[in-house]
$ cat structure-v2.cif   # mmCIF, C-alpha atoms, pLDDT in the B column; chains and numbers go by the auth columns
data_start
loop_
_atom_site.group_PDB
_atom_site.id
_atom_site.type_symbol
_atom_site.label_atom_id
_atom_site.label_comp_id
_atom_site.label_asym_id
_atom_site.label_seq_id
_atom_site.Cartn_x
_atom_site.Cartn_y
_atom_site.Cartn_z
_atom_site.B_iso_or_equiv
_atom_site.auth_seq_id
_atom_site.auth_asym_id
ATOM 1 C CA MET A 1 3.162 -0.218 22.465 67.00 10 N
ATOM 2 C CA PRO A 2 -0.184 1.551 21.863 85.00 11 N
ATOM 3 C CA VAL A 3 -2.315 0.591 18.885 94.00 12 N
ATOM 4 C CA VAL A 4 -1.799 2.872 15.881 96.00 13 N
ATOM 5 C CA THR A 5 -3.683 3.180 12.600 97.00 14 N
ATOM 6 C CA ALA A 6 -1.244 2.720 9.738 97.00 15 N
ATOM 7 C CA TYR A 7 -1.821 2.682 5.994 98.00 16 N
ATOM 8 C CA LEU A 8 -0.324 0.099 3.669 98.00 17 N
ATOM 9 C CA ALA A 9 -0.182 0.214 -0.121 96.00 18 N
ATOM 10 C CA LEU A 10 -0.629 -3.121 -1.889 96.00 19 N
ATOM 11 C CA GLY A 11 0.322 -3.803 -5.488 92.00 20 N
ATOM 12 C CA SER A 12 0.860 -6.747 -7.820 92.00 21 N
ATOM 13 C CA ASN A 13 1.589 -7.170 -11.527 88.00 22 N
ATOM 14 C CA LEU A 14 2.609 -10.840 -11.803 86.00 23 N
ATOM 15 C CA GLY A 15 0.448 -13.957 -11.678 88.00 24 N
ATOM 16 C CA ASP A 16 -2.887 -13.894 -9.849 93.00 25 N
ATOM 17 C CA ARG A 17 -2.653 -10.234 -8.922 92.00 26 N
ATOM 18 C CA LEU A 18 -5.907 -9.966 -6.969 96.00 27 N
ATOM 19 C CA GLY A 19 -5.386 -13.339 -5.271 95.00 28 N
ATOM 20 C CA GLN A 20 -1.918 -12.355 -4.098 94.00 29 N
ATOM 21 C CA MET A 21 -3.193 -9.078 -2.706 95.00 30 N
ATOM 22 C CA GLN A 22 -5.945 -10.954 -0.840 97.00 31 N
ATOM 23 C CA GLN A 23 -3.402 -13.452 0.504 95.00 32 N
ATOM 24 C CA ALA A 24 -1.229 -10.553 1.665 96.00 33 N
ATOM 25 C CA LEU A 25 -4.145 -9.140 3.676 97.00 34 N
ATOM 26 C CA GLU A 26 -4.786 -12.575 5.217 96.00 35 N
ATOM 27 C CA ARG A 27 -1.116 -13.009 6.150 94.00 36 N
ATOM 28 C CA LEU A 28 -0.867 -9.494 7.552 96.00 37 N
ATOM 29 C CA ALA A 29 -3.876 -10.244 9.775 95.00 38 N
ATOM 30 C CA ALA A 30 -2.368 -13.551 10.899 92.00 39 N
ATOM 31 C CA GLY A 31 0.674 -11.641 12.170 88.00 40 N
ATOM 32 C CA GLY A 32 -0.966 -9.232 14.582 81.00 41 N
ATOM 33 C CA VAL A 33 -2.228 -6.588 12.149 95.00 42 N
ATOM 34 C CA ASP A 34 -5.964 -5.877 12.202 96.00 43 N
ATOM 35 C CA VAL A 35 -7.124 -4.910 8.704 97.00 44 N
ATOM 36 C CA LEU A 36 -9.788 -2.245 9.293 97.00 45 N
ATOM 37 C CA GLN A 37 -10.640 -1.108 5.790 97.00 46 N
ATOM 38 C CA VAL A 38 -9.524 -1.665 2.192 98.00 47 N
ATOM 39 C CA SER A 39 -9.912 0.735 -0.699 97.00 48 N
ATOM 40 C CA PRO A 40 -11.369 -0.219 -4.049 97.00 49 N
ATOM 41 C CA VAL A 41 -8.845 -1.895 -6.369 97.00 50 N
ATOM 42 C CA TYR A 42 -7.343 0.155 -9.176 96.00 51 N
ATOM 43 C CA GLU A 43 -5.432 -0.898 -12.267 93.00 52 N
ATOM 44 C CA ASN A 44 -2.423 1.169 -13.171 87.00 53 N
ATOM 45 C CA ARG A 45 0.394 1.214 -15.699 78.00 54 N
ATOM 46 C CA ALA A 46 3.714 -0.269 -14.593 66.00 55 N
ATOM 47 C CA ILE A 47 5.714 2.904 -13.999 64.00 56 N
ATOM 48 C CA GLY A 48 9.342 2.730 -15.133 56.00 57 N
ATOM 49 C CA MET A 49 9.026 -0.899 -16.248 55.00 58 N
ATOM 50 C CA GLY A 50 8.630 -0.553 -20.015 58.00 59 N
ATOM 51 C CA GLU A 51 6.087 -3.038 -21.364 63.00 60 N
ATOM 52 C CA ALA A 52 5.505 -4.855 -18.046 65.00 61 N
ATOM 53 C CA ALA A 53 1.970 -5.965 -17.183 78.00 62 N
ATOM 54 C CA PRO A 54 -0.173 -3.371 -15.374 85.00 63 N
ATOM 55 C CA PHE A 55 -0.480 -3.350 -11.615 87.00 64 N
ATOM 56 C CA LEU A 56 -3.478 -3.811 -9.424 94.00 65 N
ATOM 57 C CA ASN A 57 -3.222 -1.404 -6.485 95.00 66 N
ATOM 58 C CA ALA A 58 -5.140 -0.768 -3.276 97.00 67 N
ATOM 59 C CA VAL A 59 -4.602 0.764 0.149 98.00 68 N
ATOM 60 C CA ALA A 60 -5.483 -0.807 3.501 98.00 69 N
ATOM 61 C CA ALA A 61 -6.014 0.885 6.842 98.00 70 N
ATOM 62 C CA VAL A 62 -4.673 -1.334 9.626 98.00 71 N
ATOM 63 C CA ALA A 63 -4.554 -1.179 13.396 97.00 72 N
ATOM 64 C CA THR A 64 -1.324 -2.448 14.876 96.00 73 N
ATOM 65 C CA GLY A 65 0.658 -2.499 18.066 95.00 74 N
ATOM 66 C CA LEU A 66 3.817 -3.189 16.053 95.00 75 N
ATOM 67 C CA ALA A 67 6.444 -0.450 16.020 95.00 76 N
ATOM 68 C CA PRO A 68 7.057 1.099 12.571 96.00 77 N
ATOM 69 C CA LEU A 69 10.129 -1.002 11.729 96.00 78 N
ATOM 70 C CA ALA A 70 8.474 -4.159 13.060 95.00 79 N
ATOM 71 C CA LEU A 71 5.499 -3.438 10.775 96.00 80 N
ATOM 72 C CA LEU A 72 7.905 -3.008 7.859 95.00 81 N
ATOM 73 C CA ASP A 73 9.578 -6.321 8.733 94.00 82 N
ATOM 74 C CA HIS A 74 6.172 -8.030 8.865 96.00 83 N
ATOM 75 C CA CYS A 75 5.325 -6.627 5.413 94.00 84 N
ATOM 76 C CA LEU A 76 8.666 -7.816 4.012 93.00 85 N
ATOM 77 C CA ALA A 77 8.101 -11.288 5.464 92.00 86 N
ATOM 78 C CA VAL A 78 4.650 -11.452 3.843 94.00 87 N
ATOM 79 C CA GLU A 79 6.167 -10.382 0.516 89.00 88 N
ATOM 80 C CA GLN A 80 8.799 -13.112 0.767 87.00 89 N
ATOM 81 C CA THR A 81 6.209 -15.752 1.683 89.00 90 N
ATOM 82 C CA LEU A 82 4.204 -14.781 -1.416 86.00 91 N
ATOM 83 C CA GLY A 83 7.206 -15.166 -3.703 75.00 92 N
ATOM 84 C CA ARG A 84 8.496 -11.618 -4.033 62.00 93 N
ATOM 85 C CA VAL A 85 12.012 -11.656 -5.407 66.00 94 N
ATOM 86 C CA ARG A 86 13.884 -8.372 -5.254 59.00 95 N
ATOM 87 C CA THR A 87 16.058 -8.034 -8.352 62.00 96 N
ATOM 88 C CA GLU A 88 16.023 -4.313 -9.085 56.00 97 N
ATOM 89 C CA GLN A 89 14.067 -1.269 -7.971 57.00 98 N
ATOM 90 C CA TRP A 90 11.715 -1.032 -10.962 56.00 99 N
ATOM 91 C CA ALA A 91 10.912 -4.698 -11.592 59.00 100 N
ATOM 92 C CA PRO A 92 7.642 -6.637 -11.899 72.00 101 N
ATOM 93 C CA ARG A 93 6.528 -8.246 -8.637 77.00 102 N
ATOM 94 C CA THR A 94 4.089 -10.781 -7.262 79.00 103 N
ATOM 95 C CA ILE A 95 3.325 -8.501 -4.324 90.00 104 N
ATOM 96 C CA ASP A 96 4.479 -5.133 -3.077 89.00 105 N
ATOM 97 C CA LEU A 97 3.604 -3.871 0.395 95.00 106 N
ATOM 98 C CA ASP A 98 4.616 -0.356 1.426 93.00 107 N
ATOM 99 C CA VAL A 99 4.061 1.352 4.765 96.00 108 N
ATOM 100 C CA ILE A 100 2.802 4.718 3.545 96.00 109 N
ATOM 101 C CA ALA A 101 1.733 6.259 6.851 96.00 110 N
ATOM 102 C CA TYR A 102 1.960 5.269 10.507 96.00 111 N
ATOM 103 C CA GLY A 103 -0.460 7.397 12.488 92.00 112 N
ATOM 104 C CA GLU A 104 0.811 10.950 12.391 87.00 113 N
ATOM 105 C CA LEU A 105 4.404 9.864 12.906 92.00 114 N
ATOM 106 C CA GLU A 106 7.107 11.411 10.758 92.00 115 N
ATOM 107 C CA LEU A 107 10.095 9.081 10.617 92.00 116 N
ATOM 108 C CA VAL A 108 13.201 9.062 8.457 93.00 117 N
ATOM 109 C CA SER A 109 15.554 6.124 8.809 92.00 118 N
ATOM 110 C CA GLU A 110 17.724 4.082 6.456 91.00 119 N
ATOM 111 C CA ARG A 111 15.006 1.411 6.221 93.00 120 N
ATOM 112 C CA LEU A 112 11.764 3.355 6.412 94.00 121 N
ATOM 113 C CA GLN A 113 10.415 6.815 5.801 92.00 122 N
ATOM 114 C CA VAL A 114 6.847 7.675 6.818 92.00 123 N
ATOM 115 C CA PRO A 115 4.894 9.257 5.405 93.00 124 N
ATOM 116 C CA HIS A 116 6.176 7.605 2.219 90.00 125 N
ATOM 117 C CA PRO A 117 8.624 10.036 0.570 87.00 126 N
ATOM 118 C CA ARG A 118 6.884 10.056 -2.847 88.00 127 N
ATOM 119 C CA ILE A 119 3.239 9.679 -1.846 91.00 128 N
ATOM 120 C CA GLU A 120 2.272 13.057 -3.338 90.00 129 N
ATOM 121 C CA GLN A 121 3.473 11.838 -6.776 88.00 130 N
ATOM 122 C CA ARG A 122 1.755 8.440 -6.760 90.00 131 N
ATOM 123 C CA ASP A 123 -1.787 8.570 -8.061 92.00 132 N
ATOM 124 C CA PHE A 124 -2.110 4.819 -7.479 92.00 133 N
ATOM 125 C CA VAL A 125 -1.608 5.448 -3.742 94.00 134 N
ATOM 126 C CA VAL A 126 -3.191 8.863 -3.190 96.00 135 N
ATOM 127 C CA HIS A 127 -6.507 8.197 -4.958 96.00 136 N
ATOM 128 C CA PRO A 128 -7.295 4.896 -3.167 96.00 137 N
ATOM 129 C CA LEU A 129 -6.093 6.389 0.135 97.00 138 N
ATOM 130 C CA ALA A 130 -8.386 9.397 -0.334 97.00 139 N
ATOM 131 C CA LEU A 131 -11.381 7.047 -0.510 96.00 140 N
ATOM 132 C CA ILE A 132 -10.697 5.503 2.913 97.00 141 N
ATOM 133 C CA ALA A 133 -8.897 8.322 4.762 97.00 142 N
ATOM 134 C CA PRO A 134 -9.674 11.672 3.102 97.00 143 N
ATOM 135 C CA ASP A 135 -8.857 13.647 6.249 96.00 144 N
ATOM 136 C CA LEU A 136 -5.532 11.934 6.950 96.00 145 N
ATOM 137 C CA MET A 137 -2.828 14.581 7.116 94.00 146 N
ATOM 138 C CA ILE A 138 0.353 14.015 5.079 94.00 147 N
ATOM 139 C CA ARG A 139 3.008 16.665 5.621 92.00 148 N
ATOM 140 C CA GLY A 140 0.380 19.244 6.573 93.00 149 N
ATOM 141 C CA ARG A 141 -2.088 18.481 3.766 94.00 150 N
ATOM 142 C CA ARG A 142 -5.298 16.443 3.722 96.00 151 N
ATOM 143 C CA VAL A 143 -5.117 13.360 1.512 96.00 152 N
ATOM 144 C CA ALA A 144 -8.341 14.469 -0.217 97.00 153 N
ATOM 145 C CA ASP A 145 -6.558 17.682 -1.258 97.00 154 N
ATOM 146 C CA LEU A 146 -3.514 15.746 -2.466 96.00 155 N
ATOM 147 C CA ALA A 147 -5.826 13.592 -4.607 96.00 156 N
ATOM 148 C CA ALA A 148 -7.629 16.647 -6.003 96.00 157 N
ATOM 149 C CA ASP A 149 -4.276 18.074 -7.114 95.00 158 N
ATOM 150 C CA LEU A 150 -2.940 14.834 -8.646 93.00 159 N
ATOM 151 C CA PRO A 151 -4.320 13.686 -11.997 91.00 160 N
ATOM 152 C CA ALA A 152 -5.132 9.992 -12.277 86.00 161 N
ATOM 153 C CA ASP A 153 -2.761 9.243 -15.171 80.00 162 N
ATOM 154 C CA GLY A 154 -3.945 5.898 -16.572 82.00 163 N
ATOM 155 C CA LEU A 155 -5.429 4.888 -13.231 90.00 164 N
ATOM 156 C CA THR A 156 -8.802 3.121 -13.495 92.00 165 N
ATOM 157 C CA LEU A 157 -11.084 1.292 -11.095 92.00 166 N
ATOM 158 C CA SER A 158 -10.611 -2.397 -11.822 92.00 167 N
ATOM 159 C CA GLY A 159 -14.041 -3.605 -10.760 89.00 168 N
ATOM 160 C CA ASP A 160 -12.344 -6.139 -8.465 90.00 169 N
ATOM 161 C CA SER A 161 -12.509 -5.924 -4.694 94.00 170 N
ATOM 162 C CA LEU A 162 -10.583 -7.235 -1.725 96.00 171 N
ATOM 163 C CA GLN A 163 -12.260 -8.679 1.342 95.00 172 N
ATOM 164 C CA LEU A 164 -11.389 -7.959 4.948 95.00 173 N
ATOM 165 C CA PRO A 165 -9.701 -10.991 6.524 93.00 174 N
ATOM 166 C CA ALA A 166 -12.036 -13.146 8.628 83.00 175 N
#

$ encode --input "structure-v2.cif" --output "C-alpha cells"
Amino acid sequence: MPVVTAYLALGSNLGDRLGQMQQALERLAAGGVDVLQVSPVYENRAIGMGEAAPFLNAVAAVATGLAPLALLDHCLAVEQTLGRVRTEQWAPRTIDLDVIAYGELELVSERLQVPHPRIEQRDFVVHPLALIAPDLMIRGRRVADLAADLPADGLTLSGDSLQLPA
C-alpha cells in the first residue's frame, strides 16, 4: 500500500495527560507510523462530561502505509496499552486517538468515517489541525477556513509541547 499522510487527534483528561499523549506518539511510531509533525497542545473543557477534568488535545500528522482500518486498529491497540477503558461514549479517558483524516480519502464504514464526521464542530481538533495543515481539504473546505469560522470556546494553548518520537 502506498504511504499516505493521515491526521490523528490525541486527547487525555486522566492522570499524566501530557505523558500519556507522548507515550501514544512513541507507540504509534513503534508500530509503523512515522510521526511527521505535532501541533501545539491545547487545554479544553471536557465536553458532555459534567465536572470532569479538562482535556489536553493535539493533532499529529503521520505518514503510514497502513490501510485506514489497520491504522484505526493500531490506534485502538495503543489506547488499550495505555489503559483506556471504554465505559460510555462521553467518559473521561487516559488517552483518546481518533483518525480524523486519511489523505483525501472519504470513507464511511461501520468502524470508521474519514474525514471525522464532526470535525467542523470540534474546536479542539480544527484549531490545532489548522496550525499544521491549513491547506488540508475537508469536505471541500480548507482547514484554515474551518478554523476561522469556528470560535475557540474555552480552548487555550497549554504551554506544553509534545516531541516527535526518536

$ residues_around --input "structure-v2.cif" --residues "stretch 163-168 of chain N" --least-positions-apart "2" --cutoff "7 Å" --atoms "all atoms listed in the file" --output "PyMOL selection string"
chain N and resi 50-54+133+161+170

$ residues_around --input "structure-v2.cif" --residues "stretch 143-160 of chain N" --least-positions-apart "5" --cutoff "8 Å" --atoms "only C-alpha atoms" --output "VMD selection string"
chain N and resid 113 124 129 to 130 132 135 to 136 138

$ resolve_selection --input "structure-v2.cif" --expression "the PyMOL selection byres ((chain N and resi 63-76) around 6)" --output "PyMOL selection string"
chain N and resi 10-22+42-48+50-55+62+77-80+137-138

$ residues_around --input "structure-v2.cif" --residues "N:Leu91" --least-positions-apart "6" --cutoff "12 Å" --atoms "all atoms listed in the file" --output "JSON, numbers by chain"
{"N": [21, 23, 24, 25, 26, 28, 29, 30, 31, 32, 33, 34, 35, 36, 37, 84, 85, 102, 103, 104, 105, 106]}

$ atom_distance --input "structure-v2.cif" --atom1 "atom CA of N:Val123" --atom2 "atom CA of N:Pro101"
23.6 Å

$ atom_distance --input "structure-v2.cif" --atom1 "atom CA of N:Gln122" --atom2 "atom CA of N:Gly92"
24.2 Å

$ closest_residue --input "structure-v2.cif" --among "N:Pro49, N:Leu171, N:Glu115, N:Gln89" --to "N:Ile141" --atoms "all atoms listed in the file"
N:Pro49

$ atom_distance --input "structure-v2.cif" --atom1 "atom CA of N:Gly112" --atom2 "atom CA of N:Ala142"
11.5 Å

$ axis_aligned_box --input "structure-v2.cif" --around "stretch 117-134 of chain N" --padding-each-side "6 Å" --output "lines of an AutoDock Vina configuration file"
center_x = 7.8
center_y = 7.2
center_z = 0.4
size_x = 31.8
size_y = 23.6
size_z = 28.9
